[in-house]
Amino acid sequence: MKARHDAEKLQPFFSANVMYVDVFEESIIGERSVPQFLKDVLGFGLSLPAVMREQVSNEDQIDIQLSLKLPLQDELEMRLSIDGKTVWGDKRGIPMRMIVSSRRILSPELKDISAVFEASHLAIRHTFVGLTERIHSKMGPIGEEL
């Protein structure tokens, strides 16, 4: 807030966003295909219509990109996207992005912005913990410890 230009200090914010990006690596995915992982682990029930299924040569090679936009309480909105297996150098994984945004103009007051950030963080955390319940025992932070 202190970094805002003097001419903008009293202007409202159009929106506030909190974004988390998580990657499910192969150690978590195992031998599952992306559709199997989405269904068996995260709980998304996805199925192809018969007319498409009859044309597919190998269902395990189907690449899924899931995108949802959900209205939340407190005038928030969650956008969740899951991409099929992605490669970064020698690592493979399934990235999941969650962005929670305010759906209203916010006053330039720190308490109002902080309330949106806190509610956004809680919504993302609740969703992530719930979606990953089946793999909690396999999960842990990666990279350098803080």
# chains A, B, ... in the order shown; residues from 1 in each chain; ligands from 1

$ residues_around --residues "Gly93 in chain A" --least-positions-apart "6" --cutoff "12 Å" --atoms "only C-alpha atoms" --output "list in words"
Asp22, Val23, Phe24, Glu25, Glu26, Ser27, Ile28, Ile29, Gly30, Glu31, Arg32, Ser33, Val34, Phe37, Ile82, Asp83, Gly84, Lys85, Thr86 and Val87 of chain A

$ write_last_selection --atoms "C-alpha atoms" --output "short mmCIF file (atom, residue, chain, number, x, y, z; two decimals), in the first residue's frame"
data_model
loop_
_atom_site.label_atom_id
_atom_site.label_comp_id
_atom_site.auth_asym_id
_atom_site.auth_seq_id
_atom_site.Cartn_x
_atom_site.Cartn_y
_atom_site.Cartn_z
CA ASP A 22 1.18 -27.02 -7.26
CA VAL A 23 2.73 -29.81 -9.30
CA PHE A 24 1.99 -33.47 -8.75
CA GLU A 25 5.23 -35.21 -9.68
CA GLU A 26 5.61 -38.78 -10.91
CA SER A 27 6.33 -40.00 -7.38
CA ILE A 28 2.76 -38.99 -6.52
CA ILE A 29 1.13 -39.87 -9.86
CA GLY A 30 2.68 -43.34 -10.07
CA GLU A 31 1.63 -45.35 -13.11
CA ARG A 32 -1.71 -43.58 -13.39
CA SER A 33 -2.75 -41.81 -16.57
CA VAL A 34 -3.90 -38.20 -16.22
CA PHE A 37 -5.19 -39.47 -11.47
CA ILE A 82 -5.24 -28.71 -14.23
CA ASP A 83 -3.06 -29.43 -17.23
CA GLY A 84 -2.10 -32.83 -18.51
CA LYS A 85 1.38 -34.15 -17.89
CA THR A 86 3.93 -31.44 -18.47
CA VAL A 87 7.70 -31.74 -18.81
#

$ residues_around --residues "Met19 in chain A" --least-positions-apart "2" --cutoff "12 Å" --atoms "only C-alpha atoms" --output "CSV table (one decimal) with C-alpha atoms, in the first residue's frame"
chain,number,residue,atom,x,y,z
A,16,ALA,CA,-7.2,-8.7,-5.6
A,17,ASN,CA,-5.8,-12.1,-6.5
A,21,VAL,CA,0.6,-23.4,-8.3
A,22,ASP,CA,1.2,-27.0,-7.3
A,77,GLU,CA,-14.3,-16.4,-7.5
A,78,MET,CA,-12.0,-19.4,-7.8
A,79,ARG,CA,-10.4,-20.4,-11.1
A,80,LEU,CA,-8.9,-23.9,-11.0
A,81,SER,CA,-7.0,-25.4,-13.9
A,96,MET,CA,-2.7,-27.5,-10.8
A,97,ARG,CA,-3.3,-23.7,-10.5
A,98,MET,CA,-5.8,-22.1,-8.2
A,99,ILE,CA,-6.5,-18.4,-8.4
A,100,VAL,CA,-9.0,-16.8,-6.1
A,101,SER,CA,-10.1,-13.2,-7.0
A,117,PHE,CA,-6.2,-12.2,0.9
A,120,SER,CA,-8.7,-16.4,-0.6
A,121,HIS,CA,-5.9,-18.3,1.1
A,122,LEU,CA,-8.4,-20.2,3.2
A,123,ALA,CA,-10.5,-21.1,0.2
A,124,ILE,CA,-7.4,-22.4,-1.7
A,125,ARG,CA,-6.1,-24.3,1.3

$ atom_distance --atom1 "CA of Leu10 in chain A" --atom2 "CA of Leu106 in chain A"
10.9 Å

$ atom_distance --atom1 "CA of Leu68 in chain A" --atom2 "CA of Val51 in chain A"
24.2 Å

$ select_by_dssp --residues "chain A" --states "strand (DSSP E or B)" --output "PyMOL selection string"
chain A and resi 13+17-25+66-72+76-82+86-88+91-102+106

$ select_by_dssp --residues "chain A" --states "alpha helix (DSSP H)" --output "ChimeraX atom specification"
/A:26-29,34-40,50-53,110-131

$ closest_residue --among "A:Arg53, A:Lys69, A:Lys9, A:Lys2" --to "Pro108 in chain A" --atoms "only C-alpha atoms"
A:Lys9

$ atom_distance --atom1 "CA of Glu133 in chain A" --atom2 "CA of Gly43 in chain A"
9.8 Å

$ residues_around --residues "Pro12 in chain A" --least-positions-apart "2" --cutoff "12 Å" --atoms "only C-alpha atoms" --output "ChimeraX atom specification"
/A:1,4,7-10,14-16,104-110,112-113

$ write_last_selection --atoms "C-alpha atoms" --output "PDB file, in the first residue's frame"
ATOM      1  CA  MET A   1       0.000   0.000   0.000  1.00  0.00           C
ATOM      2  CA  ARG A   4       1.346   3.216  -4.433  1.00  0.00           C
ATOM      3  CA  ALA A   7      -2.176  10.198  -6.781  1.00  0.00           C
ATOM      4  CA  GLU A   8      -3.477   6.618  -6.457  1.00  0.00           C
ATOM      5  CA  LYS A   9      -3.345   6.062  -2.685  1.00  0.00           C
ATOM      6  CA  LEU A  10      -7.047   6.731  -2.185  1.00  0.00           C
ATOM      7  CA  PHE A  14     -10.342  -3.250  -9.142  1.00  0.00           C
ATOM      8  CA  SER A  15      -9.514  -6.727  -7.817  1.00  0.00           C
ATOM      9  CA  ALA A  16      -7.182  -8.710  -5.587  1.00  0.00           C
ATOM     10  CA  ARG A 104     -15.938  -6.524  -6.245  1.00  0.00           C
ATOM     11  CA  ILE A 105     -14.050  -3.265  -6.128  1.00  0.00           C
ATOM     12  CA  LEU A 106     -11.997  -2.997  -2.944  1.00  0.00           C
ATOM     13  CA  SER A 107     -11.328   0.033  -0.836  1.00  0.00           C
ATOM     14  CA  PRO A 108      -7.670   1.015  -0.492  1.00  0.00           C
ATOM     15  CA  GLU A 109      -7.780   0.138   3.221  1.00  0.00           C
ATOM     16  CA  LEU A 110      -5.237  -2.441   4.383  1.00  0.00           C
ATOM     17  CA  ASP A 112     -10.113  -4.763   3.468  1.00  0.00           C
ATOM     18  CA  ILE A 113      -7.310  -6.037   1.224  1.00  0.00           C
TER      19      ILE A 113
END

$ residues_around --residues "Asp74 in chain A" --least-positions-apart "4" --cutoff "9 Å" --atoms "only C-alpha atoms" --output "compact mmCIF listing (two decimals) with C-alpha atoms, in the first residue's frame"
# COMPACT_ATOMS: atom_id res chain seq x y z
CA SER A 102 -12.37 -10.70 -5.48
CA ARG A 103 -15.48 -10.03 -7.56
CA VAL A 116 -9.69 -10.69 0.86
CA ALA A 119 -10.37 -15.49 2.68
